[in-house]
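Presented below is the structure to which this report refers.
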Amino acid sequence: MPDDPRKQAEDRYYAALDHFAEGDHQRALEEYRLSIAADPTFTEALHGMARTLQDLERLDEAIEAAKKISEIDPDDVLAHTSLSVLYQKKGMVPEAEAEANVARVLGWKQQLKKGGS
């Protein structure tokens with residue numbers, strides 16, 4: 001019986017992390033793509049892909065990956081922080097500031113939830 005999609009995604013994700021750690025960004029990117037193909041909602045792989053693309057200076061593709069995360073999970077602080085950094089690197093200051101503000105507000109909301117529980 002074949003593995004379930006999430007298990008396949010996780011296996012590919014961990015392989016991608018290994019390649020990234022070894023400095024083989026192209027191979028890591030391939031594994032992240034396979035991970036996302038197995039489970040398009042696996043945001044950890046999308047985060048890894050965005051970071052790898054950023055390191056490869058493929059900023060437009062990194063922005064698309066980070067946007068996909070925020071579509072899947074609008075409350076993902078790291079997705080908005082990543083978008084802010086990527087926009088800043090592209091010189092898109094208003095967009096960077098807007099995403100930084102979203103990340104900041106989401107962070108505050110998360111802190112309030114923890115404090116109020």
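Here, A, B, ... name the chains of the structure tokens in the order displayed, residue numbers run from 1 inside each chain, and ligands are numbered from 1 in the same displayed order.
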Discussion item. Give me, as a ChimeraX atom specification, all polymer residues having an atom no more than 9 Å from Gln54 in chain A, counting only C-alpha atoms and skipping those fewer than 6 positions away in the same chain.
Written reply: /A:60-63,86
How about saving the chosen residues, N, CA, C and O atoms kept, as a compact mmCIF listing (two decimals), in the first residue's frame?
# COMPACT_ATOMS: atom_id res chain seq x y z
N ASP A 60 11.20 36.63 -7.05
CA ASP A 60 9.79 36.57 -7.49
C ASP A 60 9.17 35.21 -7.17
O ASP A 60 8.03 35.14 -6.72
N GLU A 61 9.94 34.15 -7.39
CA GLU A 61 9.44 32.81 -7.07
C GLU A 61 9.29 32.62 -5.56
O GLU A 61 8.34 31.98 -5.10
N ALA A 62 10.22 33.19 -4.80
CA ALA A 62 10.13 33.10 -3.34
C ALA A 62 8.89 33.83 -2.84
O ALA A 62 8.19 33.34 -1.94
N ILE A 63 8.60 34.97 -3.44
CA ILE A 63 7.40 35.73 -3.07
C ILE A 63 6.15 34.90 -3.35
O ILE A 63 5.23 34.84 -2.53
N LEU A 86 11.31 39.71 1.63
CA LEU A 86 11.46 39.56 0.18
C LEU A 86 11.11 40.85 -0.55
O LEU A 86 11.82 41.26 -1.48
Item to complete: Write out as a list in words each polymer residue whose atoms come within 9 Å of Leu17 in chain A, counting only C-alpha atoms; drop sequence neighbours fewer than 5 positions from it.
Response: Arg12, Glu22, Ala28, Glu31, Tyr32 and Gly48 of chain A
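Considering the residues A:Glu97, A:Asp75, A:Asp24, A:Asp39 and counting only C-alpha atoms, Lys7 in chain A has its shortest atom-to-atom contact with A:Asp39.
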Practice prompt. Find the spatial neighbours of Leu56 in chain A, counting only C-alpha atoms, within a cut-off of 12 Å - ignore same-chain residues fewer than 6 positions away - and output them as an MDAnalysis selection string.
Written response: chainID A and resid 20 23:26 28:29 49:50 62
Selection export as an mmCIF file, in the first residue's frame, atoms kept: N, CA, C and O atoms:
data_model
loop_
_atom_site.group_PDB
_atom_site.id
_atom_site.type_symbol
_atom_site.label_atom_id
_atom_site.label_comp_id
_atom_site.auth_asym_id
_atom_site.auth_seq_id
_atom_site.Cartn_x
_atom_site.Cartn_y
_atom_site.Cartn_z
ATOM 1 N N PHE A 20 19.562 21.073 1.738
ATOM 2 C CA PHE A 20 19.781 22.480 2.050
ATOM 3 C C PHE A 20 20.957 22.622 3.005
ATOM 4 O O PHE A 20 21.836 23.476 2.810
ATOM 5 N N GLY A 23 24.189 22.433 1.473
ATOM 6 C CA GLY A 23 24.466 23.510 0.532
ATOM 7 C C GLY A 23 24.030 23.218 -0.895
ATOM 8 O O GLY A 23 24.345 23.979 -1.807
ATOM 9 N N ASP A 24 23.308 22.116 -1.089
ATOM 10 C CA ASP A 24 22.829 21.761 -2.432
ATOM 11 C C ASP A 24 21.413 22.317 -2.604
ATOM 12 O O ASP A 24 20.421 21.600 -2.495
ATOM 13 N N HIS A 25 21.351 23.609 -2.885
ATOM 14 C CA HIS A 25 20.062 24.300 -2.951
ATOM 15 C C HIS A 25 19.197 23.814 -4.106
ATOM 16 O O HIS A 25 17.971 23.761 -3.968
ATOM 17 N N GLN A 26 19.795 23.480 -5.220
ATOM 18 C CA GLN A 26 19.003 23.006 -6.367
ATOM 19 C C GLN A 26 18.308 21.687 -6.027
ATOM 20 O O GLN A 26 17.136 21.496 -6.322
ATOM 21 N N ALA A 28 17.664 20.608 -3.021
ATOM 22 C CA ALA A 28 16.674 20.912 -1.987
ATOM 23 C C ALA A 28 15.389 21.423 -2.629
ATOM 24 O O ALA A 28 14.292 20.987 -2.266
ATOM 25 N N LEU A 29 15.547 22.296 -3.590
ATOM 26 C CA LEU A 29 14.389 22.865 -4.277
ATOM 27 C C LEU A 29 13.579 21.772 -4.969
ATOM 28 O O LEU A 29 12.343 21.764 -4.902
ATOM 29 N N MET A 49 10.898 26.093 0.685
ATOM 30 C CA MET A 49 11.061 26.487 -0.711
ATOM 31 C C MET A 49 11.304 27.989 -0.816
ATOM 32 O O MET A 49 12.201 28.435 -1.550
ATOM 33 N N ALA A 50 10.524 28.779 -0.093
ATOM 34 C CA ALA A 50 10.685 30.237 -0.139
ATOM 35 C C ALA A 50 12.091 30.636 0.302
ATOM 36 O O ALA A 50 12.738 31.470 -0.334
ATOM 37 N N ALA A 62 10.216 33.187 -4.802
ATOM 38 C CA ALA A 62 10.134 33.103 -3.344
ATOM 39 C C ALA A 62 8.888 33.825 -2.839
ATOM 40 O O ALA A 62 8.191 33.342 -1.943
#
Practice prompt. Apply DSSP to the backbone of this structure and, from range 2-103 of chain A, keep only the residues in helix (DSSP H, G or I); write these as a PyMOL selection string.
Written response: chain A and resi 5-21+25-38+43-55+59-72+77-89+93-103
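Around Ile36 in chain A, within 12 Å and counting only C-alpha atoms, the residues found are Pro5, Arg6, Lys7, Gln8, Ala9, Glu10, Asp11, Arg12, Tyr13, Ala16, Leu29, Glu30, Glu31, Tyr32, Pro40, Thr41, Phe42, Thr43, Glu44, Ala45, Leu46, His47, Gly48, Met49, Ala65, Lys68 and Ile69 of chain A, once anything fewer than 4 positions away on its own chain is removed.
Remark: for Arg51 in chain A, the closest of the candidate residues A:Pro94, A:Leu78, A:Ala37, A:Asp73 is A:Leu78 (distances computed over only C-alpha atoms).
You will find CA of Ala79 in chain A at 28.3 Å from CA of Asp3 in chain A.
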Worksheet item: By how many Å are CA of Lys114 in chain A and CA of Val77 in chain A apart?
Response: 15.0 Å
Within 8 Å of Leu83 in chain A, counting only C-alpha atoms, which residues show up once you throw out same-chain ones fewer than 6 positions away? Write them as a compact mmCIF listing (two decimals) with N, CA and C atoms, in the first residue's frame, please.
# COMPACT_ATOMS: atom_id res chain seq x y z
N ILE A 63 8.60 34.97 -3.44
CA ILE A 63 7.40 35.73 -3.07
C ILE A 63 6.15 34.90 -3.35
N ALA A 66 5.78 32.29 -0.64
CA ALA A 66 5.34 32.88 0.62
C ALA A 66 3.86 33.31 0.55
N LYS A 67 3.44 33.83 -0.60
CA LYS A 67 2.03 34.19 -0.78
C LYS A 67 1.14 32.96 -0.66
N ALA A 96 6.58 45.88 1.64
CA ALA A 96 7.34 45.31 2.77
C ALA A 96 6.79 45.81 4.10
N GLU A 99 3.37 44.16 4.89
CA GLU A 99 3.49 42.77 5.38
C GLU A 99 4.09 42.72 6.78
Discussion item. Given only C-alpha atoms as the basis, pick out the residue of A:Lys90, A:Ser82, A:Trp108, A:His19 nearest to Glu57 in chain A.
Written reply: A:Lys90
